[in-house]
file data.pdb (PDB, C-alpha atoms)
ATOM      1  CA  MET O   1      63.184 -35.747 -16.772
ATOM      2  CA  GLU O   2      64.514 -34.072 -13.639
ATOM      3  CA  VAL O   3      66.650 -36.250 -11.376
ATOM      4  CA  LEU O   4      64.299 -35.808  -8.398
ATOM      5  CA  GLN O   5      61.265 -36.832 -10.448
ATOM      6  CA  GLN O   6      63.140 -39.884 -11.733
ATOM      7  CA  LYS O   7      64.044 -40.817  -8.167
ATOM      8  CA  LYS O   8      60.424 -40.490  -7.055
ATOM      9  CA  LEU O   9      59.269 -42.834  -9.800
ATOM     10  CA  LEU O  10      61.911 -45.395  -8.835
ATOM     11  CA  VAL O  11      61.026 -45.122  -5.139
ATOM     12  CA  GLU O  12      57.343 -45.670  -5.923
ATOM     13  CA  ARG O  13      58.248 -48.911  -7.690
ATOM     14  CA  ILE O  14      60.609 -50.049  -4.913
ATOM     15  CA  LEU O  15      58.226 -49.475  -1.967
ATOM     16  CA  PRO O  16      55.885 -52.456  -2.664
ATOM     17  CA  TYR O  17      58.852 -54.812  -2.338
ATOM     18  CA  LEU O  18      59.895 -53.512   1.088
ATOM     19  CA  THR O  19      58.711 -55.058   4.341
ATOM     20  CA  GLY O  20      59.148 -53.582   7.798
ATOM     21  CA  ALA O  21      60.522 -50.330   6.356
ATOM     22  CA  PRO O  22      60.844 -47.308   8.710
ATOM     23  CA  ASP O  23      58.472 -44.363   8.431
ATOM     24  CA  ASP O  24      61.087 -42.177   6.785
ATOM     25  CA  VAL O  25      62.015 -44.754   4.156
ATOM     26  CA  VAL O  26      60.954 -42.470   1.284
ATOM     27  CA  GLN O  27      63.239 -39.667   2.452
ATOM     28  CA  ARG O  28      66.113 -42.112   2.872
ATOM     29  CA  LEU O  29      65.623 -43.563  -0.569
ATOM     30  CA  LEU O  30      65.447 -40.128  -2.193
ATOM     31  CA  GLN O  31      68.923 -39.401  -0.817
ATOM     32  CA  LYS O  32      70.380 -42.212  -2.903
ATOM     33  CA  SER O  33      71.602 -41.892  -6.456
ATOM     34  CA  VAL O  34      69.505 -42.890  -9.452
ATOM     35  CA  SER O  35      71.888 -45.765 -10.237
ATOM     36  CA  ASP O  36      71.594 -47.121  -6.673
ATOM     37  CA  LEU O  37      67.805 -46.970  -6.864
ATOM     38  CA  GLU O  38      67.786 -48.719 -10.235
ATOM     39  CA  MET O  39      70.017 -51.462  -8.812
ATOM     40  CA  MET O  40      67.742 -51.841  -5.772
ATOM     41  CA  LEU O  41      64.672 -52.137  -7.981
ATOM     42  CA  GLY O  42      66.295 -54.716 -10.249
ATOM     43  CA  ASP O  43      67.428 -56.808  -7.278
ATOM     44  CA  ALA O  44      63.983 -56.613  -5.668
ATOM     45  CA  ILE O  45      62.210 -57.724  -8.851
ATOM     46  CA  THR O  46      64.645 -60.603  -9.389
ATOM     47  CA  THR O  47      64.417 -61.751  -5.764
ATOM     48  CA  LYS O  48      60.620 -61.708  -5.781
ATOM     49  CA  ALA O  49      60.386 -63.535  -9.104
ATOM     50  CA  ARG O  50      62.761 -66.265  -7.949
ATOM     51  CA  ALA O  51      60.914 -66.634  -4.635
ATOM     52  CA  GLU O  52      57.556 -66.943  -6.389
ATOM     53  CA  ALA O  53      58.945 -69.471  -8.852
ATOM     54  CA  ALA O  54      60.463 -71.496  -6.000
ATOM     55  CA  ASP O  55      57.132 -71.463  -4.137
ATOM     56  CA  ARG O  56      55.278 -72.703  -7.216
ATOM     57  CA  VAL O  57      57.822 -75.445  -7.819
ATOM     58  CA  THR O  58      57.643 -76.532  -4.161
ATOM     59  CA  GLN O  59      53.841 -76.565  -4.194
ATOM     60  CA  HIS O  60      53.712 -78.606  -7.382
ATOM     61  CA  ALA O  61      56.377 -81.001  -6.058
ATOM     62  CA  ASP O  62      54.317 -81.515  -2.880
ATOM     63  CA  GLU O  63      51.218 -82.240  -4.951
ATOM     64  CA  MET O  64      53.094 -84.670  -7.185
ATOM     65  CA  ARG O  65      54.642 -86.364  -4.139
ATOM     66  CA  ALA O  66      51.227 -86.780  -2.519
ATOM     67  CA  ALA O  67      49.819 -88.200  -5.756
ATOM     68  CA  SER O  68      52.754 -90.614  -5.985
ATOM     69  CA  VAL O  69      52.216 -91.798  -2.404
ATOM     70  CA  SER O  70      48.513 -92.347  -3.073
ATOM     71  CA  GLU O  71      49.212 -94.217  -6.317
ATOM     72  CA  GLY O  72      51.813 -96.419  -4.627
ATOM     73  CA  ALA O  73      49.487 -97.258  -1.734
ATOM     74  CA  TRP O  74      46.677 -98.215  -4.127
ATOM     75  CA  THR O  75      48.933-100.307  -6.372
ATOM     76  CA  HIS O  76      50.468-102.311  -3.528
ATOM     77  CA  ALA O  77      47.100-102.800  -1.818
ATOM     78  CA  CYS O  78      45.699-104.300  -5.046
ATOM     79  CA  ARG O  79      48.647-106.689  -5.246
ATOM     80  CA  ALA O  80      48.163-107.926  -1.683
ATOM     81  CA  LEU O  81      46.398-111.219  -1.090
ATOM     82  CA  ILE O  82      43.603-110.576   1.444
ATOM     83  CA  ASN O  83      41.749-113.671   2.668
ATOM     84  CA  GLY O  84      42.643-115.458  -0.543
ATOM     85  CA  LYS O  85      41.407-112.619  -2.768
ATOM     86  CA  ARG O  86      42.640-109.351  -4.207
ATOM     87  CA  LEU O  87      40.925-106.006  -4.501
ATOM     88  CA  SER O  88      39.540-105.494  -7.981
ATOM     89  CA  ILE O  89      41.428-102.763  -9.812
ATOM     90  CA  ILE O  90      38.442-100.496 -10.375
ATOM     91  CA  GLN O  91      37.932 -96.817  -9.619
ATOM     92  CA  SER O  92      35.056 -97.418  -7.196
ATOM     93  CA  ASN O  93      37.358 -99.439  -4.911
ATOM     94  CA  ARG O  94      39.947 -96.688  -4.918
ATOM     95  CA  ASP O  95      37.360 -93.970  -4.308
ATOM     96  CA  LEU O  96      35.973 -95.927  -1.365
ATOM     97  CA  LEU O  97      39.408 -96.389   0.207
ATOM     98  CA  GLU O  98      40.142 -92.677  -0.101
ATOM     99  CA  SER O  99      36.772 -91.781   1.404
ATOM    100  CA  LEU O 100      37.473 -93.968   4.456
ATOM    101  CA  LEU O 101      40.655 -92.050   5.317
ATOM    102  CA  ASN O 102      40.470 -89.645   8.237
ATOM    103  CA  PRO O 103      41.211 -85.953   7.536
ATOM    104  CA  GLY O 104      44.968 -85.458   7.207
ATOM    105  CA  GLU O 105      45.644 -89.214   7.148
ATOM    106  CA  THR O 106      48.341 -90.291   4.692
ATOM    107  CA  PRO O 107      47.411 -93.248   2.464
ATOM    108  CA  SER O 108      49.564 -96.355   2.683
ATOM    109  CA  ALA O 109      49.264 -99.934   1.471
ATOM    110  CA  LYS O 110      49.090-101.168   5.071
ATOM    111  CA  LEU O 111      46.239 -98.796   5.895
ATOM    112  CA  TYR O 112      44.326 -99.622   2.706
ATOM    113  CA  ILE O 113      44.637-103.356   3.401
ATOM    114  CA  ALA O 114      43.379-102.849   6.970
ATOM    115  CA  LEU O 115      40.360-100.900   5.685
ATOM    116  CA  ALA O 116      39.600-103.592   3.107
ATOM    117  CA  GLN O 117      39.757-106.217   5.843
ATOM    118  CA  GLN O 118      37.484-104.131   8.085
ATOM    119  CA  TYR O 119      34.804-103.523   5.427
ATOM    120  CA  PRO O 120      35.133-106.486   3.001
ATOM    121  CA  GLN O 121      31.470-106.411   1.967
ATOM    122  CA  ARG O 122      31.819-102.868   0.612
ATOM    123  CA  PHE O 123      34.540-103.713  -1.914
ATOM    124  CA  ALA O 124      34.663-105.582  -5.205
ATOM    125  CA  TRP O 125      37.038-108.544  -5.164
ATOM    126  CA  SER O 126      38.757-110.814  -7.657
ATOM    127  CA  THR O 127      40.114-114.289  -7.094
ATOM    128  CA  PRO O 128      43.666-114.675  -8.428
ATOM    129  CA  PRO O 129      44.487-117.721 -10.524
ATOM    130  CA  THR O 130      46.175-120.522  -8.641
ATOM    131  CA  THR O 131      49.155-120.536 -11.002
ATOM    132  CA  GLN O 132      50.624-118.016 -13.426
ATOM    133  CA  THR O 133      51.114-118.793 -17.060
ATOM    134  CA  ASP O 134      54.512-118.142 -18.589
ATOM    135  CA  GLU O 135      53.087-115.128 -20.383
ATOM    136  CA  GLU O 136      51.629-113.711 -17.166
ATOM    137  CA  ARG O 137      54.862-114.266 -15.269
ATOM    138  CA  ARG O 138      56.828-112.601 -18.070
ATOM    139  CA  ALA O 139      54.427-109.653 -18.144
ATOM    140  CA  GLU O 140      54.718-109.247 -14.373
ATOM    141  CA  PHE O 141      58.511-109.356 -14.599
ATOM    142  CA  VAL O 142      58.604-106.704 -17.342
ATOM    143  CA  SER O 143      56.185-104.494 -15.389
ATOM    144  CA  ILE O 144      58.357-104.649 -12.260
ATOM    145  CA  CYS O 145      61.527-103.919 -14.214
ATOM    146  CA  ARG O 146      60.061-100.856 -15.896
ATOM    147  CA  GLU O 147      58.436 -99.545 -12.739
ATOM    148  CA  LYS O 148      61.645 -99.900 -10.686
ATOM    149  CA  ASN O 149      64.207 -99.208 -13.472
ATOM    150  CA  LEU O 150      65.662-102.715 -13.264
ATOM    151  CA  SER O 151      67.282-104.718 -16.052
ATOM    152  CA  GLU O 152      65.213-107.193 -18.066
ATOM    153  CA  CYS O 153      68.247-109.463 -18.257
ATOM    154  CA  GLU O 154      68.010-113.252 -17.972
ATOM    155  CA  ALA O 155      69.620-113.264 -14.521
ATOM    156  CA  ASN O 156      66.932-110.946 -13.130
ATOM    157  CA  GLU O 157      64.185-113.062 -14.696
ATOM    158  CA  LYS O 158      65.564-116.148 -12.968
ATOM    159  CA  LEU O 159      65.572-114.276  -9.657
ATOM    160  CA  HIS O 160      61.948-113.269 -10.278
ATOM    161  CA  LYS O 161      60.883-116.848 -10.967
ATOM    162  CA  ALA O 162      62.649-117.940  -7.767
ATOM    163  CA  GLY O 163      60.776-115.303  -5.751
ATOM    164  CA  ILE O 164      63.934-113.428  -4.755
ATOM    165  CA  GLY O 165      63.388-109.762  -3.825
ATOM    166  CA  ILE O 166      64.223-106.957  -6.239
ATOM    167  CA  GLU O 167      66.977-105.651  -3.950
ATOM    168  CA  ARG O 168      69.107-108.458  -5.415
ATOM    169  CA  TRP O 169      68.309-107.583  -9.033
ATOM    170  CA  ALA O 170      70.612-105.687 -11.376
ATOM    171  CA  GLY O 171      69.715-102.146 -12.366
ATOM    172  CA  ALA O 172      68.810-101.216 -15.924
ATOM    173  CA  SER O 173      71.537-100.017 -18.282
ATOM    174  CA  GLN O 174      71.383 -96.586 -19.901
ATOM    175  CA  LEU O 175      70.288 -98.219 -23.155
ATOM    176  CA  GLU O 176      67.465-100.047 -21.368
ATOM    177  CA  LEU O 177      66.391 -96.860 -19.563
ATOM    178  CA  GLN O 178      66.175 -95.058 -22.905
ATOM    179  CA  GLU O 179      64.097 -97.932 -24.289
ATOM    180  CA  PHE O 180      61.791 -97.798 -21.221
ATOM    181  CA  GLN O 181      61.275 -94.059 -21.703
ATOM    182  CA  THR O 182      60.561 -94.440 -25.410
ATOM    183  CA  ASP O 183      58.076 -97.268 -24.844
ATOM    184  CA  ALA O 184      56.377 -95.336 -22.019
ATOM    185  CA  ALA O 185      56.009 -92.267 -24.232
ATOM    186  CA  LEU O 186      54.516 -94.347 -27.053
ATOM    187  CA  ALA O 187      52.134 -96.097 -24.643
ATOM    188  CA  ARG O 188      51.054 -92.742 -23.202
ATOM    189  CA  GLN O 189      50.409 -91.357 -26.680
ATOM    190  CA  LYS O 190      48.412 -94.446 -27.636
ATOM    191  CA  TRP O 191      46.398 -94.171 -24.413
ATOM    192  CA  LEU O 192      45.642 -90.488 -25.032
ATOM    193  CA  VAL O 193      44.505 -91.147 -28.596
ATOM    194  CA  ASN O 194      42.535 -94.379 -28.136
ATOM    195  CA  THR O 195      41.518 -94.825 -24.500
ATOM    196  CA  ALA O 196      41.654 -91.686 -22.322
ATOM    197  CA  SER O 197      38.427 -89.941 -21.398
ATOM    198  CA  PRO O 198      38.016 -86.176 -21.999
ATOM    199  CA  MET O 199      38.559 -85.582 -18.266
ATOM    200  CA  GLU O 200      41.786 -87.609 -18.288
ATOM    201  CA  ILE O 201      43.012 -85.757 -21.388
ATOM    202  CA  ARG O 202      42.378 -82.402 -19.692
ATOM    203  CA  ALA O 203      44.222 -83.594 -16.586
ATOM    204  CA  GLU O 204      47.199 -84.663 -18.691
ATOM    205  CA  ALA O 205      47.178 -81.340 -20.528
ATOM    206  CA  ASN O 206      47.115 -79.424 -17.231
ATOM    207  CA  TYR O 207      49.998 -81.486 -15.891
ATOM    208  CA  GLU O 208      52.047 -80.909 -19.042
ATOM    209  CA  THR O 209      51.293 -77.174 -18.890
ATOM    210  CA  GLN O 210      52.420 -76.984 -15.273
ATOM    211  CA  THR O 211      55.575 -78.954 -16.050
ATOM    212  CA  ASN O 212      56.441 -76.665 -18.960
ATOM    213  CA  LEU O 213      55.683 -73.604 -16.820
ATOM    214  CA  MET O 214      58.080 -74.726 -14.120
ATOM    215  CA  ALA O 215      60.754 -75.461 -16.713
ATOM    216  CA  ASN O 216      60.283 -72.012 -18.277
ATOM    217  CA  GLN O 217      60.418 -70.316 -14.878
ATOM    218  CA  GLN O 218      63.622 -72.131 -14.027
ATOM    219  CA  ALA O 219      65.084 -71.254 -17.414
ATOM    220  CA  HIS O 220      64.167 -67.594 -16.835
ATOM    221  CA  ALA O 221      65.844 -67.637 -13.424
ATOM    222  CA  ASP O 222      68.956 -69.249 -14.931
ATOM    223  CA  ALA O 223      68.982 -66.706 -17.751
ATOM    224  CA  THR O 224      68.728 -63.846 -15.250
ATOM    225  CA  LEU O 225      71.706 -65.212 -13.338
ATOM    226  CA  GLU O 226      73.681 -65.670 -16.559
ATOM    227  CA  ALA O 227      72.887 -62.094 -17.582
ATOM    228  CA  GLN O 228      74.231 -60.876 -14.253
ATOM    229  CA  LYS O 229      77.352 -62.929 -14.853
ATOM    230  CA  GLN O 230      77.886 -61.416 -18.292
ATOM    231  CA  ARG O 231      77.280 -57.907 -16.961
ATOM    232  CA  ASP O 232      79.575 -58.325 -13.967
ATOM    233  CA  GLN O 233      82.518 -60.075 -15.619
ATOM    234  CA  TYR O 234      83.783 -56.859 -17.222
ATOM    235  CA  ALA O 235      83.217 -54.656 -14.174
ATOM    236  CA  GLY O 236      86.374 -55.682 -12.344
ATOM    237  CA  TYR O 237      84.666 -56.942  -9.184
ATOM    238  CA  LYS O 238      86.760 -58.589  -6.488
ATOM    239  CA  PRO O 239      86.420 -62.350  -5.830
ATOM    240  CA  LEU O 240      83.795 -63.079  -3.181
ATOM    241  CA  PRO O 241      85.424 -64.058   0.144
ATOM    242  CA  ALA O 242      84.639 -67.530   1.462
ATOM    243  CA  HIS O 243      83.040 -66.216   4.646
ATOM    244  CA  ILE O 244      80.285 -64.469   2.673
ATOM    245  CA  ASP O 245      78.101 -67.533   2.193
ATOM    246  CA  ARG O 246      74.350 -68.110   2.140
ATOM    247  CA  LYS O 247      74.086 -67.839   5.919
ATOM    248  CA  ALA O 248      75.964 -64.541   5.934
ATOM    249  CA  LEU O 249      73.887 -63.152   3.065
ATOM    250  CA  ILE O 250      70.603 -63.994   4.787
ATOM    251  CA  ALA O 251      71.725 -62.394   8.046
ATOM    252  CA  ALA O 252      73.288 -59.324   6.405
ATOM    253  CA  SER O 253      71.801 -55.857   6.692
ATOM    254  CA  LYS O 254      70.651 -53.923   3.634
ATOM    255  CA  ASP O 255      73.696 -51.667   3.916
ATOM    256  CA  ASP O 256      76.031 -54.679   3.927
ATOM    257  CA  LEU O 257      74.282 -56.166   0.902
ATOM    258  CA  ARG O 258      74.606 -52.917  -1.030
ATOM    259  CA  ARG O 259      78.270 -52.584  -0.078
ATOM    260  CA  TRP O 260      79.011 -56.180  -1.070
ATOM    261  CA  SER O 261      77.130 -55.722  -4.331
ATOM    262  CA  ARG O 262      79.397 -52.798  -5.230
ATOM    263  CA  LEU O 263      82.546 -54.721  -4.250
ATOM    264  CA  TYR O 264      81.787 -58.202  -5.591
ATOM    265  CA  GLY O 265      78.906 -57.817  -8.056
ATOM    266  CA  GLN O 266      75.375 -59.170  -7.857
ATOM    267  CA  PHE O 267      76.214 -62.347  -9.775
ATOM    268  CA  GLN O 268      78.642 -63.625  -7.137
ATOM    269  CA  LEU O 269      76.194 -62.825  -4.330
ATOM    270  CA  ASN O 270      73.293 -64.586  -6.061
ATOM    271  CA  THR O 271      75.466 -67.586  -6.895
ATOM    272  CA  ALA O 272      76.530 -67.928  -3.269
ATOM    273  CA  LEU O 273      72.927 -67.641  -2.144
ATOM    274  CA  ARG O 274      71.783 -70.238  -4.686
ATOM    275  CA  ALA O 275      74.593 -72.778  -4.454
ATOM    276  CA  GLN O 276      73.870 -73.869  -0.897
ATOM    277  CA  GLN O 277      70.092 -74.152  -1.109
TER     278      GLN O 277
END

call {"tool": "encode", "arguments": {"input": "data.pdb", "output": "structure tokens"}}
result
Amino acid sequence: MEVLQQKKLLVERILPYLTGAPDDVVQRLLQKSVSDLEMMLGDAITTKARAEAADRVTQHADEMRAASVSEGAWTHACRALINGKRLSIIQSNRDLLESLLNPGETPSAKLYIALAQQYPQRFAWSTPPTTQTDEERRAEFVSICREKNLSECEANEKLHKAGIGIERWAGASQLELQEFQTDAALARQKWLVNTASPMEIRAEANYETQTNLMANQQAHADATLEAQKQRDQYAGYKPLPAHIDRKALIAASKDDLRRWSRLYGQFQLNTALRAQQ
């Protein structure tokens, strides 16, 4: 293949990645060597892939954070004593609370309690027992410990019985945390097999797929960086100066980035860009 034809093919692949390029960008690119164009294309593909992966991770994290906030608001609202009663832990109560939120309003336990107090006749209620049995108190203590990663030690249980806040409790040991994770995994598996509805199973499968996808994308990004490291370590590049940090890389011109890439290697530049995010 003639050199010019090879350059044209590379330029065609590079152009979609460029934004705000001048009108004569094709002529400028054709003046570069084939190796420079190949390097530009590789950097553009890597940068775009990492940006897309980061966007997907951020979006999923935002969705998970919103779901966590909603779950926490619902849980604490159900625990609250409202006029001597508690909200029944049923889906219709939760759906009603969510429907009463204004557009863009963030759910919170305080807001849910206020709505329940405002429209008491629209909710299902349960009357809590006047006293807890030992088994119920123990179950509540275990639930709190596992939800907050606190130790199930005797000292914590005494604090729980005395009504002392969890900020005074001891944290769980590594062995206890492993036990919590194992028990949670077994309980989840039992729920999926014996209790979950088809819709809930599909939701769990989608969540697991998304989680695995994000992990694979991150692994791919890490592998790309490692490959650059392996490729660059035998090229004799100079150490990257301290003043070329993430801020400098973002503000640098394309010419500076190309010059630095030749002097210091793409691995050092990408590491500097990544380390301070």

call {"tool": "atom_distance", "arguments": {"input": "data.pdb", "atom1": "CA of Gly72 (chain O)", "atom2": "CA of Ala184 (chain O)"}}
result
18.0 Å

call {"tool": "atom_distance", "arguments": {"input": "data.pdb", "atom1": "CA of Glu38 (chain O)", "atom2": "CA of Ala242 (chain O)"}}
result
27.8 Å

call {"tool": "residues_near_point", "arguments": {"input": "data.pdb", "point": "(55.1, -118.6, -12.2)", "cutoff": "12 Å", "atoms": "only C-alpha atoms", "output": "NGL selection string"}}
result
:O and (129-141 or 157-163)

call {"tool": "residues_near_point", "arguments": {"input": "data.pdb", "point": "(39.1, -112.5, 3.5)", "cutoff": "8 Å", "atoms": "only C-alpha atoms", "output": "ChimeraX atom specification"}}
result
/O:82-85,117,120

call {"tool": "closest_residue", "arguments": {"input": "data.pdb", "among": "O:His76, O:Ser70, O:Tyr264, O:Gln218", "to": "Glu105 (chain O)", "atoms": "all atoms listed in the file"}}
result
O:Ser70

call {"tool": "atom_distance", "arguments": {"input": "data.pdb", "atom1": "CA of Leu213 (chain O)", "atom2": "CA of Gly42 (chain O)"}}
result
22.6 Å

call {"tool": "resolve_selection", "arguments": {"input": "data.pdb", "expression": "the PyMOL selection byres ((chain O and resi 95) around 12)", "output": "list in words"}}
result
Ser70, Trp74, Ile89, Ile90, Gln91, Ser92, Asn93, Arg94, Leu96, Leu97, Glu98, Ser99, Leu100, Leu101, Tyr112, Arg122, Phe123 and Ala124 of chain O

call {"tool": "write_last_selection", "arguments": {"input": "data.pdb", "atoms": "C-alpha atoms", "output": "compact mmCIF listing (two decimals), keeping the file's coordinate frame"}}
result
# COMPACT_ATOMS: atom_id res chain seq x y z
CA SER O 70 48.51 -92.35 -3.07
CA TRP O 74 46.68 -98.22 -4.13
CA ILE O 89 41.43 -102.76 -9.81
CA ILE O 90 38.44 -100.50 -10.38
CA GLN O 91 37.93 -96.82 -9.62
CA SER O 92 35.06 -97.42 -7.20
CA ASN O 93 37.36 -99.44 -4.91
CA ARG O 94 39.95 -96.69 -4.92
CA LEU O 96 35.97 -95.93 -1.36
CA LEU O 97 39.41 -96.39 0.21
CA GLU O 98 40.14 -92.68 -0.10
CA SER O 99 36.77 -91.78 1.40
CA LEU O 100 37.47 -93.97 4.46
CA LEU O 101 40.66 -92.05 5.32
CA TYR O 112 44.33 -99.62 2.71
CA ARG O 122 31.82 -102.87 0.61
CA PHE O 123 34.54 -103.71 -1.91
CA ALA O 124 34.66 -105.58 -5.20

call {"tool": "residues_around", "arguments": {"input": "data.pdb", "residues": "Lys110 (chain O)", "least_positions_apart": "4", "cutoff": "9 Å", "atoms": "all atoms listed in the file", "output": "list in words"}}
result
Ala73, His76, Ala77, Ala114 and Leu115 of chain O

call {"tool": "write_last_selection", "arguments": {"input": "data.pdb", "atoms": "C-alpha atoms", "output": "mmCIF file, in the coordinates of the input"}}
result
data_model
loop_
_atom_site.group_PDB
_atom_site.id
_atom_site.type_symbol
_atom_site.label_atom_id
_atom_site.label_comp_id
_atom_site.auth_asym_id
_atom_site.auth_seq_id
_atom_site.Cartn_x
_atom_site.Cartn_y
_atom_site.Cartn_z
ATOM 1 C CA ALA O 73 49.487 -97.258 -1.734
ATOM 2 C CA HIS O 76 50.468 -102.311 -3.528
ATOM 3 C CA ALA O 77 47.100 -102.800 -1.818
ATOM 4 C CA ALA O 114 43.379 -102.849 6.970
ATOM 5 C CA LEU O 115 40.360 -100.900 5.685
#

call {"tool": "closest_residue", "arguments": {"input": "data.pdb", "among": "O:Leu10, O:Leu87, O:Thr209, O:Met214", "to": "Ser33 (chain O)", "atoms": "all atoms listed in the file"}}
result
O:Leu10

call {"tool": "axis_aligned_box", "arguments": {"input": "data.pdb", "around": "region 153-170 of chain O", "padding_each_side": "8 Å", "output": "JSON"}}
result
{"center_x": 65.7, "center_y": -111.8, "center_z": -11.0, "size_x": 25.8, "size_y": 28.3, "size_z": 30.4}

call {"tool": "closest_residue", "arguments": {"input": "data.pdb", "among": "O:Ala221, O:Ile164, O:Ala185, O:Ala21", "to": "Thr46 (chain O)", "atoms": "only C-alpha atoms"}}
result
O:Ala221

call {"tool": "resolve_selection", "arguments": {"input": "data.pdb", "expression": "the PyMOL selection byres ((chain O and resi 177) around 12)", "output": "JSON, numbers by chain"}}
result
{"O": [145, 146, 147, 148, 149, 150, 151, 152, 171, 172, 173, 174, 175, 176, 178, 179, 180, 181, 182, 183, 184]}

call {"tool": "closest_residue", "arguments": {"input": "data.pdb", "among": "O:Arg79, O:His220, O:Ala109, O:Arg258", "to": "Lys32 (chain O)", "atoms": "only C-alpha atoms"}}
result
O:Arg258

call {"tool": "closest_residue", "arguments": {"input": "data.pdb", "among": "O:Leu257, O:Thr224, O:Trp169, O:Ile201", "to": "Arg188 (chain O)", "atoms": "only C-alpha atoms"}}
result
O:Ile201

call {"tool": "residues_around", "arguments": {"input": "data.pdb", "residues": "Arg13 (chain O)", "least_positions_apart": "4", "cutoff": "10 Å", "atoms": "all atoms listed in the file", "output": "PDB file with C-alpha atoms, keeping the file's coordinate frame"}}
result
ATOM      1  CA  LYS O   7      64.044 -40.817  -8.167  1.00  0.00           C
ATOM      2  CA  LYS O   8      60.424 -40.490  -7.055  1.00  0.00           C
ATOM      3  CA  LEU O   9      59.269 -42.834  -9.800  1.00  0.00           C
ATOM      4  CA  TYR O  17      58.852 -54.812  -2.338  1.00  0.00           C
ATOM      5  CA  LEU O  37      67.805 -46.970  -6.864  1.00  0.00           C
ATOM      6  CA  GLU O  38      67.786 -48.719 -10.235  1.00  0.00           C
ATOM      7  CA  LEU O  41      64.672 -52.137  -7.981  1.00  0.00           C
ATOM      8  CA  ALA O  44      63.983 -56.613  -5.668  1.00  0.00           C
ATOM      9  CA  ILE O  45      62.210 -57.724  -8.851  1.00  0.00           C
TER      10      ILE O  45
END
